[in-house]
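Here is the file query38.pdb (PDB, C-alpha atoms).
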ATOM      1  CA  MET W1305     -46.055  21.935  12.062
ATOM      2  CA  GLU W1306     -46.845  19.744   9.101
ATOM      3  CA  ALA W1307     -44.610  21.865   6.916
ATOM      4  CA  THR W1308     -41.742  21.292   9.364
ATOM      5  CA  VAL W1309     -42.234  17.541   9.247
ATOM      6  CA  GLY W1310     -42.309  17.712   5.452
ATOM      7  CA  GLU W1311     -39.141  19.751   5.461
ATOM      8  CA  GLN W1312     -37.434  17.252   7.763
ATOM      9  CA  GLU W1313     -38.417  14.381   5.525
ATOM     10  CA  ARG W1314     -37.076  16.217   2.479
ATOM     11  CA  ILE W1315     -33.691  16.768   4.188
ATOM     12  CA  LEU W1316     -33.458  13.199   5.425
ATOM     13  CA  ALA W1317     -34.181  11.906   1.951
ATOM     14  CA  SER W1318     -31.417  13.923   0.304
ATOM     15  CA  PRO W1319     -28.033  12.207  -0.096
ATOM     16  CA  TRP W1320     -26.170  14.736   2.081
ATOM     17  CA  GLY W1321     -28.887  15.260   4.682
ATOM     18  CA  GLY W1322     -27.732  12.393   6.844
ATOM     19  CA  GLY W1323     -30.935  10.495   6.361
ATOM     20  CA  THR W1324     -29.774   8.220   3.599
ATOM     21  CA  ASN W1325     -26.334   6.682   3.235
ATOM     22  CA  PRO W1326     -24.358   8.966   0.918
ATOM     23  CA  PHE W1327     -21.588   6.480   0.194
ATOM     24  CA  GLY W1328     -23.767   3.406   0.006
ATOM     25  CA  THR W1329     -21.537   1.450   2.419
ATOM     26  CA  SER W1330     -21.805   0.304   6.024
ATOM     27  CA  TRP W1331     -20.356   2.701   8.595
ATOM     28  CA  GLY W1332     -17.533   0.296   9.449
ATOM     29  CA  LYS W1333     -16.406   0.003   5.857
ATOM     30  CA  PHE W1334     -16.625   3.738   5.353
ATOM     31  CA  MET W1335     -14.566   4.376   8.499
ATOM     32  CA  MET W1336     -11.895   2.023   7.159
ATOM     33  CA  TRP W1337     -11.851   4.010   3.917
ATOM     34  CA  VAL W1338     -11.486   7.263   5.863
ATOM     35  CA  PHE W1339      -8.580   5.717   7.788
ATOM     36  CA  ILE W1340      -6.978   4.466   4.567
ATOM     37  CA  VAL W1341      -7.203   7.919   2.978
ATOM     38  CA  SER W1342      -5.595   9.583   6.017
ATOM     39  CA  ASP W1343      -2.938   6.871   6.257
ATOM     40  CA  ALA W1344      -2.240   7.229   2.543
ATOM     41  CA  LEU W1345      -1.476  10.900   3.216
ATOM     42  CA  THR W1346       1.138   9.839   5.797
ATOM     43  CA  PHE W1347       2.886   7.655   3.242
ATOM     44  CA  ALA W1348       2.442  10.326   0.557
ATOM     45  CA  GLY W1349       4.329  12.667   2.904
ATOM     46  CA  PHE W1350       7.131  10.115   3.294
ATOM     47  CA  ILE W1351       7.429   9.494  -0.426
ATOM     48  CA  VAL W1352       7.451  13.206  -1.269
ATOM     49  CA  ALA W1353      10.042  13.848   1.476
ATOM     50  CA  TYR W1354      12.126  11.002   0.045
ATOM     51  CA  GLY W1355      11.827  12.530  -3.436
ATOM     52  CA  PHE W1356      13.035  15.847  -2.019
ATOM     53  CA  MET W1357      15.952  14.304  -0.116
ATOM     54  CA  ARG W1358      16.981  12.394  -3.176
ATOM     55  CA  SER W1359      16.901  15.398  -5.471
ATOM     56  CA  VAL W1360      19.053  17.361  -2.995
ATOM     57  CA  ALA W1361      21.539  14.505  -2.511
ATOM     58  CA  PRO W1362      24.846  14.815  -4.412
ATOM     59  CA  ALA W1363      24.598  11.110  -5.384
ATOM     60  CA  TRP W1364      22.419   8.112  -4.638
ATOM     61  CA  PRO W1365      23.408   4.440  -4.208
ATOM     62  CA  GLU W1366      22.329   1.926  -6.834
ATOM     63  CA  PRO W1367      19.583  -0.070  -5.076
ATOM     64  CA  ASP W1368      20.706  -3.393  -6.557
ATOM     65  CA  GLU W1369      24.205  -2.852  -5.153
ATOM     66  CA  VAL W1370      22.854  -2.372  -1.624
ATOM     67  CA  PHE W1371      19.885  -4.733  -1.512
ATOM     68  CA  SER W1372      19.293  -8.242  -2.752
ATOM     69  CA  MET W1373      16.754  -7.580  -5.497
ATOM     70  CA  GLY W1374      15.876 -11.277  -5.588
ATOM     71  CA  LEU W1375      14.732 -11.068  -1.983
ATOM     72  CA  ILE W1376      12.795  -7.835  -2.622
ATOM     73  CA  THR W1377      11.062  -9.392  -5.637
ATOM     74  CA  PHE W1378      10.178 -12.462  -3.573
ATOM     75  CA  MET W1379       8.768 -10.211  -0.827
ATOM     76  CA  THR W1380       6.670  -8.399  -3.442
ATOM     77  CA  PHE W1381       5.467 -11.748  -4.767
ATOM     78  CA  ALA W1382       4.499 -12.875  -1.240
ATOM     79  CA  LEU W1383       2.563  -9.681  -0.550
ATOM     80  CA  ILE W1384       0.734  -9.630  -3.912
ATOM     81  CA  SER W1385      -0.178 -13.307  -3.477
ATOM     82  CA  SER W1386      -1.451 -12.664   0.046
ATOM     83  CA  SER W1387      -3.569  -9.828  -1.360
ATOM     84  CA  CYS W1388      -5.044 -12.246  -3.914
ATOM     85  CA  VAL W1389      -5.992 -14.876  -1.318
ATOM     86  CA  MET W1390      -7.368 -12.095   0.917
ATOM     87  CA  ALA W1391      -9.676 -11.039  -1.939
ATOM     88  CA  ILE W1392     -10.817 -14.672  -2.236
ATOM     89  CA  ALA W1393     -11.388 -14.844   1.548
ATOM     90  CA  VAL W1394     -13.580 -11.732   1.313
ATOM     91  CA  GLY W1395     -15.473 -13.247  -1.625
ATOM     92  CA  ALA W1396     -16.055 -16.490   0.305
ATOM     93  CA  ALA W1397     -17.181 -14.605   3.428
ATOM     94  CA  GLN W1398     -19.551 -12.435   1.397
ATOM     95  CA  GLN W1399     -21.094 -15.571  -0.122
ATOM     96  CA  GLY W1400     -21.473 -17.142   3.322
ATOM     97  CA  ARG W1401     -18.854 -19.883   2.938
ATOM     98  CA  GLN W1402     -17.299 -19.293   6.307
ATOM     99  CA  SER W1403     -14.886 -22.261   6.516
ATOM    100  CA  GLU W1404     -13.456 -21.405   3.110
ATOM    101  CA  ALA W1405     -13.017 -17.789   4.210
ATOM    102  CA  VAL W1406     -11.122 -18.974   7.291
ATOM    103  CA  LYS W1407      -8.842 -21.133   5.135
ATOM    104  CA  TYR W1408      -7.957 -18.268   2.804
ATOM    105  CA  LEU W1409      -7.508 -15.895   5.743
ATOM    106  CA  TRP W1410      -4.854 -18.265   7.133
ATOM    107  CA  LEU W1411      -3.143 -18.254   3.733
ATOM    108  CA  THR W1412      -3.157 -14.445   3.809
ATOM    109  CA  ILE W1413      -1.557 -14.513   7.254
ATOM    110  CA  LEU W1414       1.071 -16.920   5.917
ATOM    111  CA  GLY W1415       1.916 -14.532   3.054
ATOM    112  CA  GLY W1416       2.169 -11.582   5.427
ATOM    113  CA  THR W1417       4.373 -13.524   7.836
ATOM    114  CA  ILE W1418       6.733 -14.526   5.016
ATOM    115  CA  PHE W1419       6.951 -10.877   3.965
ATOM    116  CA  LEU W1420       7.683  -9.692   7.499
ATOM    117  CA  GLY W1421      10.267 -12.443   8.013
ATOM    118  CA  CYS W1422      12.100 -11.422   4.834
ATOM    119  CA  GLN W1423      11.991  -7.803   5.939
ATOM    120  CA  ALA W1424      13.479  -8.677   9.329
ATOM    121  CA  TYR W1425      16.259 -10.537   7.475
ATOM    122  CA  GLU W1426      16.856  -7.539   5.179
ATOM    123  CA  TRP W1427      16.957  -5.132   8.136
ATOM    124  CA  SER W1428      19.378  -7.319  10.114
ATOM    125  CA  HIS W1429      21.787  -7.347   7.155
ATOM    126  CA  PHE W1430      21.431  -3.600   6.614
ATOM    127  CA  ILE W1431      22.144  -2.945  10.291
ATOM    128  CA  ALA W1432      25.063  -5.409  10.308
ATOM    129  CA  ASP W1433      26.555  -3.562   7.315
ATOM    130  CA  GLY W1434      26.793  -0.493   9.544
ATOM    131  CA  TYR W1435      23.906   1.555   8.135
ATOM    132  CA  ARG W1436      22.294   3.838  10.724
ATOM    133  CA  PRO W1437      19.760   6.619  10.264
ATOM    134  CA  TRP W1438      21.877   9.506   8.959
ATOM    135  CA  LEU W1439      25.012   7.353   8.816
ATOM    136  CA  ASN W1440      25.957   5.729   5.530
ATOM    137  CA  PRO W1441      29.210   3.745   5.809
ATOM    138  CA  VAL W1442      29.458   3.071   2.043
ATOM    139  CA  MET W1443      28.583   6.528   0.685
ATOM    140  CA  PRO W1444      29.120   8.964   3.599
ATOM    141  CA  GLU W1445      28.005  11.914   1.449
ATOM    142  CA  VAL W1446      24.410  10.560   1.364
ATOM    143  CA  PRO W1447      23.438   9.972   5.013
ATOM    144  CA  GLN W1448      19.786  10.500   4.030
ATOM    145  CA  PHE W1449      19.720   7.157   2.185
ATOM    146  CA  PRO W1450      19.564   4.877   5.272
ATOM    147  CA  ALA W1451      17.240   7.386   6.988
ATOM    148  CA  ALA W1452      14.761   7.153   4.100
ATOM    149  CA  PHE W1453      15.100   3.368   4.071
ATOM    150  CA  TYR W1454      14.466   2.917   7.782
ATOM    151  CA  VAL W1455      11.530   5.317   7.911
ATOM    152  CA  MET W1456       9.730   4.110   4.784
ATOM    153  CA  THR W1457      10.194   0.352   5.121
ATOM    154  CA  GLY W1458       9.896   0.604   8.911
ATOM    155  CA  PHE W1459       6.522   2.314   8.808
ATOM    156  CA  HIS W1460       5.341  -0.085   6.127
ATOM    157  CA  GLY W1461       6.592  -3.091   8.098
ATOM    158  CA  PHE W1462       4.787  -1.822  11.182
ATOM    159  CA  HIS W1463       1.618  -1.639   9.086
ATOM    160  CA  VAL W1464       2.134  -5.236   7.945
ATOM    161  CA  PHE W1465       2.547  -6.256  11.586
ATOM    162  CA  THR W1466      -0.643  -4.400  12.572
ATOM    163  CA  GLY W1467      -2.414  -5.985   9.609
ATOM    164  CA  LEU W1468      -1.334  -9.439  10.793
ATOM    165  CA  VAL W1469      -2.732  -8.731  14.271
ATOM    166  CA  LEU W1470      -6.002  -7.544  12.710
ATOM    167  CA  LEU W1471      -6.105 -10.627  10.457
ATOM    168  CA  LEU W1472      -5.437 -12.970  13.384
ATOM    169  CA  TYR W1473      -8.300 -11.381  15.307
ATOM    170  CA  THR W1474     -10.508 -11.581  12.205
ATOM    171  CA  VAL W1475      -9.701 -15.233  11.506
ATOM    172  CA  ILE W1476     -10.442 -16.209  15.109
ATOM    173  CA  ARG W1477     -13.756 -14.329  15.059
ATOM    174  CA  ALA W1478     -14.567 -15.753  11.617
ATOM    175  CA  HIS W1479     -13.798 -19.249  12.873
ATOM    176  CA  MET W1480     -16.253 -18.664  15.730
ATOM    177  CA  GLY W1481     -18.821 -17.549  13.155
ATOM    178  CA  LYS W1482     -18.875 -14.018  14.600
ATOM    179  CA  TYR W1483     -17.171 -12.214  11.717
ATOM    180  CA  THR W1484     -19.004 -12.571   8.434
ATOM    181  CA  GLY W1485     -18.983 -10.754   5.081
ATOM    182  CA  ASP W1486     -18.633  -7.081   5.911
ATOM    183  CA  ARG W1487     -16.177  -7.537   8.813
ATOM    184  CA  VAL W1488     -13.863  -9.709   6.730
ATOM    185  CA  GLU W1489     -14.055  -7.169   3.922
ATOM    186  CA  ILE W1490     -13.014  -4.337   6.279
ATOM    187  CA  ALA W1491      -9.902  -6.296   7.329
ATOM    188  CA  GLY W1492      -9.323  -7.024   3.636
ATOM    189  CA  LEU W1493      -9.414  -3.335   2.723
ATOM    190  CA  TYR W1494      -6.617  -2.639   5.207
ATOM    191  CA  TRP W1495      -4.561  -5.547   3.900
ATOM    192  CA  HIS W1496      -4.896  -4.430   0.271
ATOM    193  CA  PHE W1497      -3.893  -0.935   1.323
ATOM    194  CA  ILE W1498      -0.646  -2.344   2.740
ATOM    195  CA  ASP W1499      -0.074  -3.974  -0.643
ATOM    196  CA  VAL W1500      -0.736  -0.644  -2.409
ATOM    197  CA  VAL W1501       1.828   1.136  -0.203
ATOM    198  CA  TRP W1502       4.408  -1.542  -0.955
ATOM    199  CA  VAL W1503       3.805  -1.121  -4.704
ATOM    200  CA  PHE W1504       4.842   2.533  -4.329
ATOM    201  CA  ILE W1505       7.877   1.759  -2.124
ATOM    202  CA  PHE W1506       8.989  -1.064  -4.435
ATOM    203  CA  ALA W1507       8.924   1.196  -7.499
ATOM    204  CA  PHE W1508      10.242   4.443  -6.037
ATOM    205  CA  PHE W1509      12.752   3.203  -3.489
ATOM    206  CA  TYR W1510      14.051  -0.063  -4.930
ATOM    207  CA  LEU W1511      13.742   0.438  -8.686
ATOM    208  CA  LEU W1512      14.145   4.132  -9.424
TER     209      LEU W1512
ATOM    210  CA  MET N1432     -13.646 -26.585 -14.045
ATOM    211  CA  SER N1433     -12.115 -26.136 -10.643
ATOM    212  CA  GLU N1434     -14.168 -25.308  -7.576
ATOM    213  CA  ALA N1435     -12.585 -21.891  -7.393
ATOM    214  CA  THR N1436     -13.819 -20.983 -10.876
ATOM    215  CA  HIS N1437     -17.334 -22.018  -9.929
ATOM    216  CA  HIS N1438     -17.379 -19.586  -7.070
ATOM    217  CA  GLY N1439     -16.225 -16.720  -9.271
ATOM    218  CA  TYR N1440     -12.665 -16.475  -7.928
ATOM    219  CA  ALA N1441     -11.146 -16.709 -11.403
ATOM    220  CA  THR N1442     -11.094 -12.901 -11.688
ATOM    221  CA  TYR N1443      -8.935 -12.632  -8.553
ATOM    222  CA  TRP N1444      -6.382 -15.098  -9.923
ATOM    223  CA  LYS N1445      -6.385 -13.315 -13.281
ATOM    224  CA  ILE N1446      -5.694 -10.001 -11.532
ATOM    225  CA  TRP N1447      -2.919 -11.732  -9.571
ATOM    226  CA  GLY N1448      -1.347 -12.782 -12.882
ATOM    227  CA  TRP N1449      -1.572  -9.238 -14.220
ATOM    228  CA  LEU N1450      -0.025  -7.839 -11.044
ATOM    229  CA  LEU N1451       2.903 -10.262 -11.314
ATOM    230  CA  CYS N1452       3.398  -9.334 -14.982
ATOM    231  CA  MET N1453       3.426  -5.631 -14.115
ATOM    232  CA  THR N1454       5.881  -6.275 -11.258
ATOM    233  CA  LEU N1455       8.248  -8.052 -13.655
ATOM    234  CA  LEU N1456       7.822  -5.215 -16.159
ATOM    235  CA  ALA N1457       8.705  -2.669 -13.461
ATOM    236  CA  LEU N1458      11.753  -4.757 -12.515
ATOM    237  CA  GLY N1459      12.813  -4.822 -16.171
ATOM    238  CA  VAL N1460      12.456  -1.051 -16.435
ATOM    239  CA  GLY N1461      14.467  -0.632 -13.230
ATOM    240  CA  TYR N1462      17.343  -2.686 -14.612
ATOM    241  CA  VAL N1463      17.772  -0.898 -17.944
ATOM    242  CA  ASP N1464      20.723   1.376 -17.216
ATOM    243  CA  ALA N1465      20.764   3.005 -20.634
ATOM    244  CA  MET N1466      17.309   4.509 -20.150
ATOM    245  CA  PRO N1467      17.167   8.268 -19.381
ATOM    246  CA  GLY N1468      16.210   8.901 -15.761
ATOM    247  CA  ALA N1469      13.095  10.920 -16.607
ATOM    248  CA  LEU N1470      11.716   8.221 -18.915
ATOM    249  CA  LYS N1471      12.437   5.536 -16.328
ATOM    250  CA  ALA N1472      10.638   7.553 -13.644
ATOM    251  CA  LEU N1473       7.676   8.154 -15.953
ATOM    252  CA  LEU N1474       7.382   4.454 -16.849
ATOM    253  CA  LEU N1475       7.669   3.382 -13.209
ATOM    254  CA  VAL N1476       5.035   5.919 -12.125
ATOM    255  CA  GLY N1477       2.762   4.657 -14.916
ATOM    256  CA  ILE N1478       3.191   0.974 -13.998
ATOM    257  CA  THR N1479       2.761   1.758 -10.286
ATOM    258  CA  LEU N1480      -0.464   3.692 -10.855
ATOM    259  CA  ALA N1481      -1.772   0.879 -13.084
ATOM    260  CA  LYS N1482      -1.030  -1.696 -10.363
ATOM    261  CA  VAL N1483      -2.620   0.447  -7.664
ATOM    262  CA  GLY N1484      -5.657   1.058  -9.868
ATOM    263  CA  VAL N1485      -6.124  -2.664 -10.497
ATOM    264  CA  ILE N1486      -5.756  -3.545  -6.780
ATOM    265  CA  ALA N1487      -8.209  -0.796  -5.781
ATOM    266  CA  ALA N1488     -10.740  -1.608  -8.498
ATOM    267  CA  PHE N1489     -10.803  -5.410  -8.191
ATOM    268  CA  TYR N1490      -9.379  -6.424  -4.799
ATOM    269  CA  MET N1491     -10.833  -3.484  -2.864
ATOM    270  CA  HIS N1492     -14.005  -3.586  -5.010
ATOM    271  CA  LEU N1493     -13.882   0.129  -5.733
ATOM    272  CA  ARG N1494     -15.396  -0.465  -9.167
ATOM    273  CA  SER N1495     -18.683  -1.444  -7.515
ATOM    274  CA  GLU N1496     -18.663   1.483  -5.066
ATOM    275  CA  LYS N1497     -20.354   4.841  -5.554
ATOM    276  CA  LEU N1498     -18.476   7.536  -7.455
ATOM    277  CA  ASP N1499     -18.363   9.728  -4.293
ATOM    278  CA  LEU N1500     -16.285   7.110  -2.471
ATOM    279  CA  ILE N1501     -14.010   6.542  -5.473
ATOM    280  CA  LEU N1502     -13.279  10.278  -5.719
ATOM    281  CA  ILE N1503     -12.413  10.497  -2.008
ATOM    282  CA  THR N1504      -9.889   7.663  -2.305
ATOM    283  CA  PHE N1505      -8.051   9.539  -5.036
ATOM    284  CA  SER N1506      -7.576  12.683  -2.939
ATOM    285  CA  PRO N1507      -4.250  11.575  -1.362
ATOM    286  CA  ILE N1508      -2.641  11.201  -4.790
ATOM    287  CA  VAL N1509      -3.778  14.695  -5.803
ATOM    288  CA  LEU N1510      -2.570  16.179  -2.508
ATOM    289  CA  ALA N1511       0.761  14.326  -2.801
ATOM    290  CA  LEU N1512       1.288  15.789  -6.276
ATOM    291  CA  ILE N1513       0.570  19.310  -4.966
ATOM    292  CA  LEU N1514       3.018  18.740  -2.088
ATOM    293  CA  PHE N1515       5.646  17.358  -4.467
ATOM    294  CA  PHE N1516       5.492  20.245  -6.911
ATOM    295  CA  PHE N1517       5.513  22.775  -4.069
ATOM    296  CA  ILE N1518       8.658  21.540  -2.349
ATOM    297  CA  VAL N1519      10.786  19.893  -5.022
ATOM    298  CA  PRO N1520      11.628  23.148  -6.875
ATOM    299  CA  ASP N1521      13.430  24.144  -3.641
ATOM    300  CA  ALA N1522      15.745  21.160  -4.050
ATOM    301  CA  GLY N1523      17.464  22.793  -7.002
ATOM    302  CA  ASP N1524      18.658  25.889  -5.137
ATOM    303  CA  SER N1525      20.695  26.683  -2.055
ATOM    304  CA  VAL N1526      17.615  26.718   0.194
ATOM    305  CA  GLY N1527      17.172  22.988  -0.295
ATOM    306  CA  ARG N1528      20.790  22.211   0.478
ATOM    307  CA  GLU N1529      20.652  24.431   3.535
ATOM    308  CA  ILE N1530      17.632  22.480   4.824
ATOM    309  CA  MET N1531      19.433  19.172   4.309
ATOM    310  CA  LEU N1532      22.521  20.409   6.150
ATOM    311  CA  ARG N1533      20.429  21.571   9.105
ATOM    312  CA  ILE N1534      18.468  18.359   9.549
ATOM    313  CA  GLY N1535      21.547  16.225   9.015
ATOM    314  CA  PRO N1536      23.535  14.770  11.930
TER     315      PRO N1536
END

Turn this file's structure into structure tokens for me.
Amino acid sequence: MEATVGEQERILASPWGGGTNPFGTSWGKFMMWVFIVSDALTFAGFIVAYGFMRSVAPAWPEPDEVFSMGLITFMTFALISSSCVMAIAVGAAQQGRQSEAVKYLWLTILGGTIFLGCQAYEWSHFIADGYRPWLNPVMPEVPQFPAAFYVMTGFHGFHVFTGLVLLLYTVIRAHMGKYTGDRVEIAGLYWHFIDVVWVFIFAFFYLL
Amino acid sequence: MSEATHHGYATYWKIWGWLLCMTLLALGVGYVDAMPGALKALLLVGITLAKVGVIAAFYMHLRSEKLDLILITFSPIVLALILFFFIVPDAGDSVGREIMLRIGP
């Protein structure tokens, strides 16, 4: 019997036995990382599919002839800046300065809202120009171009929207003093992930 | 010294500056028409990975996480590369074009 107890203790003490915390994080933070990894695979699938479609296409439109690169650069600026203030909000929350965290969380929400507003503007113009999924009025031989655009920026935009909902919930809870360090950091991880996805879309879809 | 510097936020602003610089660099690379496509792609992939690495390390605090967690977060990039090099060779032959015709309108 004693040997069994000893054995159990040995297993629980090992990093992979379930007794100690193998990743050294809280369960909530680790779950967010697991979600981010699986979500990253979704976007990886999109980007690889886009790469395939593009290499099969007989031609591809010049991005700066279709989109306003000034607007795209401004959107990138807004998202990167919101990521920066989100990092500061997490830092403030971790150090227990709750009101400062709330302030920076609102700034993050502002950055995200600006981004989403610009994207809505970009989409409305793209739709008004007659682009439909699998219908390209300017270069009919590449119908996959608008399809890739709508799917990639649409999924990303939906993530920004979800992130804004999560941030709104977080800022309200933080304002009530219910969400402190770790909870703010979990919301922050998701927000930074949205920024990471945009970095890929910006480079591969708009610049390449 | 500003209040922000006192609280140790200076690093975040510094990273922000670096990210903006890299974004401008990527824009510059994107606008050079004379550059060969392969070189442009390579440079853009490099800048993108550098930006992602900086965001993950400093904003997502991966640099202070355990190595196990860091390795897990890199798995999607490895899997994406495997996926890419498995399907893109098909793009060059008739199979790829056939697929595109079938999923088209």

Local residues around (2.7, -8.5, -3.4), at most 9 Å away, using all atoms listed in the file, as a PyMOL selection string: (chain W and resi 1377-1388+1415+1419+1499-1500+1502-1503) or (chain N and resi 1447+1450-1451+1454)

Put the listed atoms of segment 1335-1340 of chain W in a box along x, y and z with 4 Å added on every side and give me the centre and edge lengths in Å to one decimal, as JSON.
{"center_x": -10.8, "center_y": 4.6, "center_z": 6.2, "size_x": 15.6, "size_y": 13.2, "size_z": 12.6}

Length of the atom CA of Gly1416 of chain W to atom CA of Trp1444 of chain N vector [Å]: 17.9 Å

Distance filter 6 Å, only C-alpha atoms, chain N against chain W, as a list in words: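 That gives the following set of residues: Gly1461, Val1483, Tyr1490, Met1491, Leu1500, Thr1504, Pro1507, Ala1511, Phe1515, Val1519 and Ala1522 of chain N.
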
Distance of atom CA of Arg1477 of chain W from atom CA of Ile1413 of chain W, expressed in Å to one decimal place: 14.5 Å

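Take the candidates N:Ile1508, N:Ala1465, N:Ala1457, N:Ile1518 and check each one against Thr1479 of chain N using all atoms listed in the file; the shortest distance goes to N:Ala1457.
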
Pick from W:Leu1375, W:Met1443, W:Leu1411, W:Val1406 nearest to Gln1423 of chain W, counting all atoms listed in the file: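 Closest to Gln1423 of chain W of all the choices is W:Leu1375.
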
Atomic separation - atom CA of Val1460 of chain N relative to atom CA of Leu1493 of chain N, Å: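 Interatomic distance here is 28.5 Å.
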
Selected residue, from N:Leu1498, N:Leu1458, N:Leu1512, N:Ile1486, that lies nearest to Ile1498 of chain W when counting all atoms listed in the file: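 Selected residue with least distance to Ile1498 of chain W: N:Ile1486.
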
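Comparing the minimum interatomic distances between Thr1484 of chain W and each of W:Gly1400, W:Gly1467, W:Pro1444, W:Pro1450, counting all atoms listed in the file, we find that W:Gly1400 sits nearest.
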
Residue among N:Gly1439, N:Gly1459, N:Pro1520, N:Gly1448 lying closest to Ile1478 of chain N, counting all atoms listed in the file: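 Checking each of N:Gly1439, N:Gly1459, N:Pro1520, N:Gly1448 against Ile1478 of chain N, counting all atoms listed in the file, the winner is N:Gly1459.
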
For segment 1423-1429 of chain W, where the input has fewer atoms than it should, I would like all heavy atoms rebuilt and written as a PDB file, keeping the file's coordinate frame.
ATOM      1  N   GLN W1423      11.613  -9.177   5.623  1.00  0.00           N
ATOM      2  CA  GLN W1423      11.991  -7.803   5.939  1.00  0.00           C
ATOM      3  C   GLN W1423      12.917  -7.770   7.167  1.00  0.00           C
ATOM      4  O   GLN W1423      13.881  -7.000   7.185  1.00  0.00           O
ATOM      5  CB  GLN W1423      10.760  -6.956   6.184  1.00  0.00           C
ATOM      6  CG  GLN W1423      11.103  -5.483   6.105  1.00  0.00           C
ATOM      7  CD  GLN W1423       9.882  -4.605   6.087  1.00  0.00           C
ATOM      8  OE1 GLN W1423       8.918  -4.858   6.789  1.00  0.00           O
ATOM      9  NE2 GLN W1423       9.915  -3.577   5.291  1.00  0.00           N
ATOM     10  N   ALA W1424      12.618  -8.609   8.140  1.00  0.00           N
ATOM     11  CA  ALA W1424      13.479  -8.677   9.329  1.00  0.00           C
ATOM     12  C   ALA W1424      14.892  -9.101   8.913  1.00  0.00           C
ATOM     13  O   ALA W1424      15.890  -8.548   9.386  1.00  0.00           O
ATOM     14  CB  ALA W1424      12.897  -9.658  10.342  1.00  0.00           C
ATOM     15  N   TYR W1425      14.975 -10.055   7.986  1.00  0.00           N
ATOM     16  CA  TYR W1425      16.259 -10.537   7.475  1.00  0.00           C
ATOM     17  C   TYR W1425      17.002  -9.391   6.774  1.00  0.00           C
ATOM     18  O   TYR W1425      18.201  -9.167   7.003  1.00  0.00           O
ATOM     19  CB  TYR W1425      15.986 -11.692   6.511  1.00  0.00           C
ATOM     20  CG  TYR W1425      17.192 -12.243   5.823  1.00  0.00           C
ATOM     21  CD1 TYR W1425      18.035 -13.139   6.463  1.00  0.00           C
ATOM     22  CD2 TYR W1425      17.489 -11.877   4.498  1.00  0.00           C
ATOM     23  CE1 TYR W1425      19.147 -13.644   5.824  1.00  0.00           C
ATOM     24  CE2 TYR W1425      18.593 -12.378   3.851  1.00  0.00           C
ATOM     25  CZ  TYR W1425      19.423 -13.259   4.515  1.00  0.00           C
ATOM     26  OH  TYR W1425      20.522 -13.751   3.885  1.00  0.00           O
ATOM     27  N   GLU W1426      16.260  -8.653   5.923  1.00  0.00           N
ATOM     28  CA  GLU W1426      16.856  -7.539   5.179  1.00  0.00           C
ATOM     29  C   GLU W1426      17.367  -6.470   6.145  1.00  0.00           C
ATOM     30  O   GLU W1426      18.483  -5.965   5.988  1.00  0.00           O
ATOM     31  CB  GLU W1426      15.794  -6.944   4.248  1.00  0.00           C
ATOM     32  CG  GLU W1426      16.341  -5.916   3.286  1.00  0.00           C
ATOM     33  CD  GLU W1426      15.250  -5.053   2.686  1.00  0.00           C
ATOM     34  OE1 GLU W1426      14.128  -5.022   3.252  1.00  0.00           O
ATOM     35  OE2 GLU W1426      15.513  -4.418   1.663  1.00  0.00           O
ATOM     36  N   TRP W1427      16.566  -6.146   7.151  1.00  0.00           N
ATOM     37  CA  TRP W1427      16.957  -5.132   8.136  1.00  0.00           C
ATOM     38  C   TRP W1427      18.195  -5.571   8.903  1.00  0.00           C
ATOM     39  O   TRP W1427      19.097  -4.769   9.135  1.00  0.00           O
ATOM     40  CB  TRP W1427      15.795  -4.892   9.124  1.00  0.00           C
ATOM     41  CG  TRP W1427      14.900  -3.777   8.726  1.00  0.00           C
ATOM     42  CD1 TRP W1427      14.251  -3.646   7.537  1.00  0.00           C
ATOM     43  CD2 TRP W1427      14.553  -2.623   9.501  1.00  0.00           C
ATOM     44  NE1 TRP W1427      13.507  -2.501   7.526  1.00  0.00           N
ATOM     45  CE2 TRP W1427      13.674  -1.853   8.715  1.00  0.00           C
ATOM     46  CE3 TRP W1427      14.885  -2.181  10.780  1.00  0.00           C
ATOM     47  CZ2 TRP W1427      13.128  -0.649   9.181  1.00  0.00           C
ATOM     48  CZ3 TRP W1427      14.337  -0.997  11.236  1.00  0.00           C
ATOM     49  CH2 TRP W1427      13.473  -0.237  10.440  1.00  0.00           C
ATOM     50  N   SER W1428      18.246  -6.851   9.310  1.00  0.00           N
ATOM     51  CA  SER W1428      19.378  -7.319  10.114  1.00  0.00           C
ATOM     52  C   SER W1428      20.677  -7.194   9.313  1.00  0.00           C
ATOM     53  O   SER W1428      21.707  -6.804   9.854  1.00  0.00           O
ATOM     54  CB  SER W1428      19.142  -8.753  10.579  1.00  0.00           C
ATOM     55  OG  SER W1428      19.118  -9.618   9.476  1.00  0.00           O
ATOM     56  N   HIS W1429      20.599  -7.481   7.996  1.00  0.00           N
ATOM     57  CA  HIS W1429      21.787  -7.347   7.155  1.00  0.00           C
ATOM     58  C   HIS W1429      22.193  -5.884   6.996  1.00  0.00           C
ATOM     59  O   HIS W1429      23.371  -5.536   7.041  1.00  0.00           O
ATOM     60  CB  HIS W1429      21.535  -7.967   5.779  1.00  0.00           C
ATOM     61  CG  HIS W1429      21.897  -9.404   5.743  1.00  0.00           C
ATOM     62  ND1 HIS W1429      23.016  -9.885   5.109  1.00  0.00           N
ATOM     63  CD2 HIS W1429      21.299 -10.468   6.307  1.00  0.00           C
ATOM     64  CE1 HIS W1429      23.093 -11.193   5.285  1.00  0.00           C
ATOM     65  NE2 HIS W1429      22.054 -11.575   6.005  1.00  0.00           N
TER      66      HIS W1429
END
